Amino acid sequence: MADRRPLWPARLHHLGLVSADADALVGFYQRVLGYDAEELTEGRWRLRGRERELLVSQGARAGLGFAAFAVEDGARLAALRADIEAKGAGIEASPSPLLGDDAFAIKDPDGNALVFGLPREARDGGADALCGRLQHFVVTSTAIRPMMAFYEDVLGFVLSDVVDGEARDGDGGGDPAAVFYRSDPEHHSFAIFRADHGGLDHHAYESGCWNDIRDWADHLSALRVPMFWGPGRHGPGNNLFVMFRDADGNALEISAELEEMPIDMAHRQWPHDARTLNLWGDAWFRSEP
Ligand SMILES: [Fe+2]
């Protein structure tokens, strides 16, 4: 099965964030996430940590510019591109200087840009004060079914969990409240939440363990950055988490102990309730349960 999915294994490599006040956003990520900042061109910054990387661009309004995935090797990248082209989806030029010349971009039905390629450089320098590998990103959508079809059928993401699963498989005809997708054994590198608006929902850093969550929470406290959700444990993914917001209001997650699922493991179904989203307590609902 793995050989029929050129995407597998792929990891989220970096995000491109757009901000109307990029100076302030870059400052936030330097101060709170410990990124080193380098202005590549006027209005465009590369933020680098040992396990995490972002590009920040000045733009009209805050949001996701693109999400870039690193695939396993050149052969898989070429196969993925051929697969996508055979399905009639449009390929665009990569907007990222961090991936090689063979990288390419594609837009999902909501207009979110995905980039696939091979990193130009290995990440081997520096030490993040607090560990956290850029691990997943999540979008909201007002039309989740075309998005699901695109990520599953065109790109080859593997479905891990469906919240409000009866809406996917039953006769009810409703839309799932959330779907989680993996591109390697980690439970999700991408997810979609149904909502009354589209766009970036959050991005997440996977730290090592519970004590790392504690250290991040103490760090955020010292910087007077309030957490708006957690600590808790998600049902889908079974990961520990806290969430807070950056200078633009984008939600960030520090996660630990995200579960793994083999490629051929069937997806599971969850009710759309508070316990699914947080086994420990209150939920952040993106749509009415
Ligand atoms: Fe998350």
# chains A, B, ... in the order shown; residues from 1 in each chain; ligands from 1

call {"tool": "closest_atom_pairs", "arguments": {"of": "segment 192-217 of chain A", "to": "segment 273-284 of chain A", "cutoff": "12 Å", "atoms": "only C-alpha atoms", "output": "Markdown table"}}
result
| residue | atom | partner | partner_atom | distance |
| --- | --- | --- | --- | --- |
| A:Phe193 | CA | A:Trp284 | CA | 11.2 |
| A:Ala195 | CA | A:Trp284 | CA | 11.9 |
| A:Asp201 | CA | A:Trp284 | CA | 11.2 |
| A:His202 | CA | A:Trp284 | CA | 11.9 |

call {"tool": "residues_around", "arguments": {"residues": "Arg245 of chain A", "least_positions_apart": "3", "cutoff": "9 Å", "atoms": "only C-alpha atoms", "output": "MDAnalysis selection string"}}
result
chainID A and resid 202 225:228 248:253

call {"tool": "residues_near_ligand", "arguments": {"ligand": "ligand 1", "cutoff": "9 Å", "atoms": "only C-alpha atoms and all ligand atoms", "output": "ChimeraX atom specification"}}
result
/A:135-138,188-191,201-205,234,237,239,241,243,252-255

call {"tool": "select_by_dssp", "arguments": {"residues": "segment 74-136 of chain A", "states": "helix (DSSP H, G or I)", "output": "ChimeraX atom specification"}}
result
/A:74-86

call {"tool": "closest_atom_pairs", "arguments": {"of": "segment 157-235 of chain A", "to": "segment 26-49 of chain A", "cutoff": "9 Å", "atoms": "only C-alpha atoms", "output": "Markdown table"}}
result
| residue | atom | partner | partner_atom | distance |
| --- | --- | --- | --- | --- |
| A:His219 | CA | A:Val32 | CA | 8.0 |
| A:Leu220 | CA | A:Val32 | CA | 7.2 |
| A:Leu223 | CA | A:Val32 | CA | 7.4 |
| A:Val225 | CA | A:Val32 | CA | 8.3 |

call {"tool": "write_last_selection", "arguments": {"atoms": "N, CA, C and O atoms", "output": "PDB file, in the first residue's frame"}}
result
ATOM      1  N   HIS A 219       7.129  28.820  30.835  1.00  0.00           N
ATOM      2  CA  HIS A 219       7.743  29.807  29.928  1.00  0.00           C
ATOM      3  C   HIS A 219       6.701  30.830  29.460  1.00  0.00           C
ATOM      4  O   HIS A 219       6.932  32.038  29.506  1.00  0.00           O
ATOM      5  N   LEU A 220       5.542  30.342  29.043  1.00  0.00           N
ATOM      6  CA  LEU A 220       4.472  31.244  28.604  1.00  0.00           C
ATOM      7  C   LEU A 220       4.026  32.130  29.756  1.00  0.00           C
ATOM      8  O   LEU A 220       3.781  33.332  29.579  1.00  0.00           O
ATOM      9  N   LEU A 223       6.352  34.974  30.348  1.00  0.00           N
ATOM     10  CA  LEU A 223       6.242  35.995  29.300  1.00  0.00           C
ATOM     11  C   LEU A 223       4.861  36.640  29.264  1.00  0.00           C
ATOM     12  O   LEU A 223       4.577  37.456  28.396  1.00  0.00           O
ATOM     13  N   VAL A 225       2.084  35.316  28.415  1.00  0.00           N
ATOM     14  CA  VAL A 225       1.301  34.854  27.261  1.00  0.00           C
ATOM     15  C   VAL A 225       0.277  33.856  27.798  1.00  0.00           C
ATOM     16  O   VAL A 225       0.653  32.756  28.223  1.00  0.00           O
TER      17      VAL A 225
END

call {"tool": "residues_around", "arguments": {"residues": "Glu85 of chain A", "least_positions_apart": "5", "cutoff": "12 Å", "atoms": "only C-alpha atoms", "output": "list in words"}}
result
Ala78, Ala79, Leu80, Gly90, Ile91, Glu92, Phe104, Ala105, Ile106, Val154 and Leu155 of chain A

call {"tool": "residues_around", "arguments": {"residues": "segment 173-185 of chain A", "least_positions_apart": "3", "cutoff": "9 Å", "atoms": "only C-alpha atoms", "output": "ChimeraX atom specification"}}
result
/A:7-12,138,140,143-145,148,151-152,156-170,188-195,236-237,259-263,272,286-289

call {"tool": "select_by_dssp", "arguments": {"residues": "segment 34-257 of chain A", "states": "strand (DSSP E)", "output": "compact mmCIF listing (two decimals) with N, CA and C atoms, in the first residue's frame"}}
result
# COMPACT_ATOMS: atom_id res chain seq x y z
N ASP A 36 15.27 32.12 15.66
CA ASP A 36 16.21 33.11 15.12
C ASP A 36 15.59 33.68 13.85
N ALA A 37 15.66 35.00 13.68
CA ALA A 37 15.03 35.65 12.53
C ALA A 37 16.08 36.21 11.58
N GLU A 38 15.83 35.99 10.30
CA GLU A 38 16.70 36.54 9.25
C GLU A 38 15.78 37.14 8.19
N GLU A 39 15.99 38.44 7.88
CA GLU A 39 15.15 39.06 6.85
C GLU A 39 15.73 38.68 5.49
N LEU A 40 15.00 37.90 4.73
CA LEU A 40 15.49 37.39 3.45
C LEU A 40 15.42 38.48 2.38
N THR A 41 14.28 39.11 2.29
CA THR A 41 14.05 40.24 1.39
C THR A 41 13.16 41.20 2.17
N ARG A 44 10.05 39.99 4.24
CA ARG A 44 9.97 38.52 4.31
C ARG A 44 11.08 37.99 5.21
N TRP A 45 10.67 37.22 6.20
CA TRP A 45 11.62 36.72 7.20
C TRP A 45 11.62 35.20 7.22
N ARG A 46 12.80 34.67 7.48
CA ARG A 46 12.95 33.24 7.76
C ARG A 46 13.15 33.09 9.26
N LEU A 47 12.32 32.32 9.90
CA LEU A 47 12.42 32.06 11.34
C LEU A 47 12.89 30.63 11.51
N ARG A 48 14.01 30.48 12.21
CA ARG A 48 14.62 29.17 12.26
C ARG A 48 14.87 28.70 13.69
N GLU A 53 10.59 25.68 11.68
CA GLU A 53 10.93 26.74 10.75
C GLU A 53 9.65 27.37 10.23
N LEU A 54 9.68 28.70 10.07
CA LEU A 54 8.55 29.44 9.50
C LEU A 54 9.09 30.48 8.54
N LEU A 55 8.27 30.86 7.57
CA LEU A 55 8.52 32.05 6.77
C LEU A 55 7.39 33.02 7.09
N VAL A 56 7.72 34.26 7.35
CA VAL A 56 6.70 35.27 7.64
C VAL A 56 6.81 36.37 6.59
N SER A 57 5.68 36.71 5.97
CA SER A 57 5.65 37.74 4.94
C SER A 57 4.66 38.82 5.31
N GLN A 58 5.04 40.05 5.04
CA GLN A 58 4.11 41.17 5.19
C GLN A 58 3.03 41.04 4.13
N GLY A 63 -2.82 35.31 8.18
CA GLY A 63 -3.32 33.98 7.84
C GLY A 63 -2.23 33.10 7.29
N LEU A 64 -2.66 31.99 6.74
CA LEU A 64 -1.74 31.00 6.18
C LEU A 64 -1.37 31.39 4.76
N GLY A 65 -0.08 31.52 4.49
CA GLY A 65 0.37 31.69 3.12
C GLY A 65 0.44 30.34 2.42
N PHE A 66 1.12 29.39 3.07
CA PHE A 66 1.19 28.03 2.54
C PHE A 66 1.71 27.11 3.63
N ALA A 67 1.53 25.82 3.41
CA ALA A 67 2.10 24.79 4.28
C ALA A 67 2.99 23.91 3.42
N ALA A 68 4.24 23.72 3.85
CA ALA A 68 5.21 22.97 3.03
C ALA A 68 5.54 21.64 3.68
N PHE A 69 5.41 20.58 2.91
CA PHE A 69 5.72 19.23 3.36
C PHE A 69 7.01 18.74 2.69
N ALA A 70 7.84 18.07 3.48
CA ALA A 70 9.02 17.40 2.94
C ALA A 70 8.65 15.95 2.66
N GLU A 92 1.43 24.41 -9.39
CA GLU A 92 1.95 25.77 -9.45
C GLU A 92 3.40 25.78 -8.97
N ALA A 93 4.08 26.90 -9.18
CA ALA A 93 5.47 27.03 -8.73
C ALA A 93 5.51 27.10 -7.21
N PHE A 104 6.94 21.88 -5.75
CA PHE A 104 5.79 22.44 -6.46
C PHE A 104 4.68 22.72 -5.46
N ALA A 105 3.72 23.53 -5.90
CA ALA A 105 2.60 23.91 -5.04
C ALA A 105 1.29 23.49 -5.69
N ILE A 106 0.27 23.35 -4.86
CA ILE A 106 -1.07 23.04 -5.34
C ILE A 106 -2.05 23.65 -4.35
N LYS A 107 -3.18 24.12 -4.86
CA LYS A 107 -4.18 24.73 -3.96
C LYS A 107 -5.32 23.75 -3.72
N ALA A 113 -2.76 26.91 0.07
CA ALA A 113 -1.66 26.42 -0.77
C ALA A 113 -0.83 25.38 0.00
N LEU A 114 -0.61 24.25 -0.64
CA LEU A 114 0.27 23.19 -0.12
C LEU A 114 1.50 23.14 -1.00
N VAL A 115 2.66 22.92 -0.41
CA VAL A 115 3.90 22.81 -1.16
C VAL A 115 4.54 21.49 -0.80
N PHE A 116 5.08 20.81 -1.79
CA PHE A 116 5.77 19.54 -1.56
C PHE A 116 7.15 19.61 -2.18
N GLY A 117 8.15 19.12 -1.47
CA GLY A 117 9.50 19.18 -2.01
C GLY A 117 10.50 18.52 -1.09
N ARG A 133 9.00 20.14 17.82
CA ARG A 133 9.14 20.02 16.37
C ARG A 133 7.84 20.44 15.69
N LEU A 134 7.95 21.31 14.70
CA LEU A 134 6.76 21.66 13.94
C LEU A 134 6.15 20.36 13.41
N GLN A 135 4.88 20.11 13.73
CA GLN A 135 4.36 18.76 13.49
C GLN A 135 3.07 18.73 12.69
N HIS A 136 2.11 19.63 12.95
CA HIS A 136 0.89 19.61 12.16
C HIS A 136 0.28 20.99 12.04
N PHE A 137 -0.58 21.12 11.06
CA PHE A 137 -1.37 22.34 10.94
C PHE A 137 -2.80 21.93 10.63
N VAL A 138 -3.72 22.83 10.94
CA VAL A 138 -5.15 22.54 10.84
C VAL A 138 -5.84 23.75 10.23
N VAL A 139 -6.79 23.48 9.35
CA VAL A 139 -7.59 24.56 8.77
C VAL A 139 -9.06 24.34 9.12
N THR A 140 -9.83 25.42 9.06
CA THR A 140 -11.28 25.32 9.12
C THR A 140 -11.83 25.44 7.71
N SER A 141 -13.06 24.92 7.52
CA SER A 141 -13.67 24.97 6.20
C SER A 141 -15.18 25.03 6.33
N VAL A 158 -3.92 9.95 4.55
CA VAL A 158 -4.61 8.79 5.10
C VAL A 158 -5.49 9.25 6.27
N LEU A 159 -6.76 8.88 6.21
CA LEU A 159 -7.71 9.30 7.24
C LEU A 159 -7.46 8.54 8.54
N SER A 160 -7.29 9.28 9.64
CA SER A 160 -7.03 8.65 10.94
C SER A 160 -8.27 8.64 11.83
N ASP A 161 -8.95 9.77 11.94
CA ASP A 161 -10.11 9.87 12.81
C ASP A 161 -11.13 10.81 12.21
N VAL A 162 -12.40 10.48 12.44
CA VAL A 162 -13.51 11.33 12.02
C VAL A 162 -14.33 11.67 13.26
N VAL A 163 -14.53 12.95 13.50
CA VAL A 163 -15.40 13.38 14.59
C VAL A 163 -16.79 13.58 13.99
N ALA A 178 -15.00 17.22 12.22
CA ALA A 178 -13.54 17.30 12.07
C ALA A 178 -13.02 16.00 11.49
N VAL A 179 -11.95 16.10 10.71
CA VAL A 179 -11.28 14.93 10.16
C VAL A 179 -9.78 15.12 10.32
N PHE A 180 -9.10 14.03 10.70
CA PHE A 180 -7.66 14.06 10.98
C PHE A 180 -6.95 13.16 9.98
N TYR A 181 -5.86 13.69 9.40
CA TYR A 181 -5.15 12.96 8.35
C TYR A 181 -3.68 12.80 8.69
N ARG A 182 -3.12 11.63 8.33
CA ARG A 182 -1.69 11.40 8.52
C ARG A 182 -1.01 11.21 7.17
N PHE A 190 -2.13 16.91 9.50
CA PHE A 190 -3.10 17.88 8.96
C PHE A 190 -4.48 17.48 9.44
N ALA A 191 -5.34 18.46 9.65
CA ALA A 191 -6.73 18.18 10.01
C ALA A 191 -7.61 19.32 9.50
N ILE A 192 -8.89 19.02 9.40
CA ILE A 192 -9.87 20.03 8.95
C ILE A 192 -11.02 20.05 9.97
N PHE A 193 -11.39 21.23 10.40
CA PHE A 193 -12.57 21.40 11.25
C PHE A 193 -13.65 22.13 10.45
N ARG A 194 -14.86 21.62 10.53
CA ARG A 194 -16.01 22.33 9.95
C ARG A 194 -16.25 23.60 10.77
N GLY A 199 -9.90 28.98 6.77
CA GLY A 199 -8.61 29.57 7.07
C GLY A 199 -7.81 28.74 8.05
N LEU A 200 -6.70 29.31 8.51
CA LEU A 200 -5.83 28.59 9.44
C LEU A 200 -6.51 28.49 10.79
N ASP A 201 -6.60 27.27 11.32
CA ASP A 201 -7.16 27.06 12.65
C ASP A 201 -6.06 27.11 13.70
N HIS A 202 -5.01 26.32 13.53
CA HIS A 202 -3.85 26.39 14.41
C HIS A 202 -2.69 25.62 13.79
N HIS A 203 -1.50 25.84 14.34
CA HIS A 203 -0.40 24.94 14.02
C HIS A 203 0.24 24.47 15.32
N ALA A 204 0.94 23.34 15.24
CA ALA A 204 1.34 22.65 16.47
C ALA A 204 2.79 22.20 16.43
N TYR A 205 3.37 22.22 17.63
CA TYR A 205 4.73 21.74 17.86
C TYR A 205 4.67 20.54 18.79
N GLU A 206 5.32 19.46 18.37
CA GLU A 206 5.33 18.25 19.18
C GLU A 206 6.57 18.24 20.07
N SER A 207 6.35 18.34 21.38
CA SER A 207 7.47 18.29 22.32
C SER A 207 7.62 16.84 22.78
N MET A 227 -2.53 31.00 28.16
CA MET A 227 -3.03 29.84 27.42
C MET A 227 -4.56 29.90 27.41
N PHE A 228 -5.16 29.69 26.24
CA PHE A 228 -6.62 29.77 26.17
C PHE A 228 -7.30 28.40 26.23
N TRP A 229 -6.52 27.32 26.10
CA TRP A 229 -7.12 25.98 26.20
C TRP A 229 -6.06 25.01 26.71
N GLY A 230 -6.47 24.18 27.64
CA GLY A 230 -5.58 23.18 28.20
C GLY A 230 -4.94 23.67 29.49
N PRO A 231 -4.15 22.81 30.14
CA PRO A 231 -3.71 21.51 29.62
C PRO A 231 -4.86 20.51 29.52
N GLY A 232 -4.77 19.69 28.49
CA GLY A 232 -5.78 18.68 28.27
C GLY A 232 -5.21 17.54 27.45
N ARG A 233 -6.08 16.61 27.10
CA ARG A 233 -5.69 15.48 26.24
C ARG A 233 -6.77 15.31 25.18
N LEU A 240 -1.35 15.09 24.65
CA LEU A 240 -1.45 16.14 25.65
C LEU A 240 -1.26 17.48 24.94
N PHE A 241 -1.87 18.54 25.46
CA PHE A 241 -1.75 19.81 24.74
C PHE A 241 -1.99 21.01 25.65
N VAL A 242 -1.42 22.13 25.24
CA VAL A 242 -1.86 23.47 25.67
C VAL A 242 -1.93 24.33 24.41
N MET A 243 -2.76 25.36 24.45
CA MET A 243 -2.89 26.25 23.30
C MET A 243 -2.83 27.70 23.74
N PHE A 244 -2.23 28.53 22.88
CA PHE A 244 -2.14 29.97 23.11
C PHE A 244 -2.17 30.66 21.76
N ARG A 245 -2.11 31.99 21.75
CA ARG A 245 -2.23 32.73 20.49
C ARG A 245 -1.02 33.62 20.26
N ALA A 251 -3.82 30.63 16.49
CA ALA A 251 -3.69 29.69 17.60
C ALA A 251 -2.48 28.78 17.38
N LEU A 252 -1.75 28.53 18.46
CA LEU A 252 -0.60 27.63 18.46
C LEU A 252 -0.85 26.55 19.51
N GLU A 253 -0.31 25.39 19.25
CA GLU A 253 -0.45 24.27 20.17
C GLU A 253 0.92 23.69 20.49
N ILE A 254 1.14 23.41 21.75
CA ILE A 254 2.28 22.58 22.16
C ILE A 254 1.69 21.24 22.55
N SER A 255 2.18 20.19 21.91
CA SER A 255 1.60 18.85 22.05
C SER A 255 2.68 17.90 22.55
N ALA A 256 2.24 16.78 23.10
CA ALA A 256 3.19 15.73 23.49
C ALA A 256 2.50 14.38 23.41
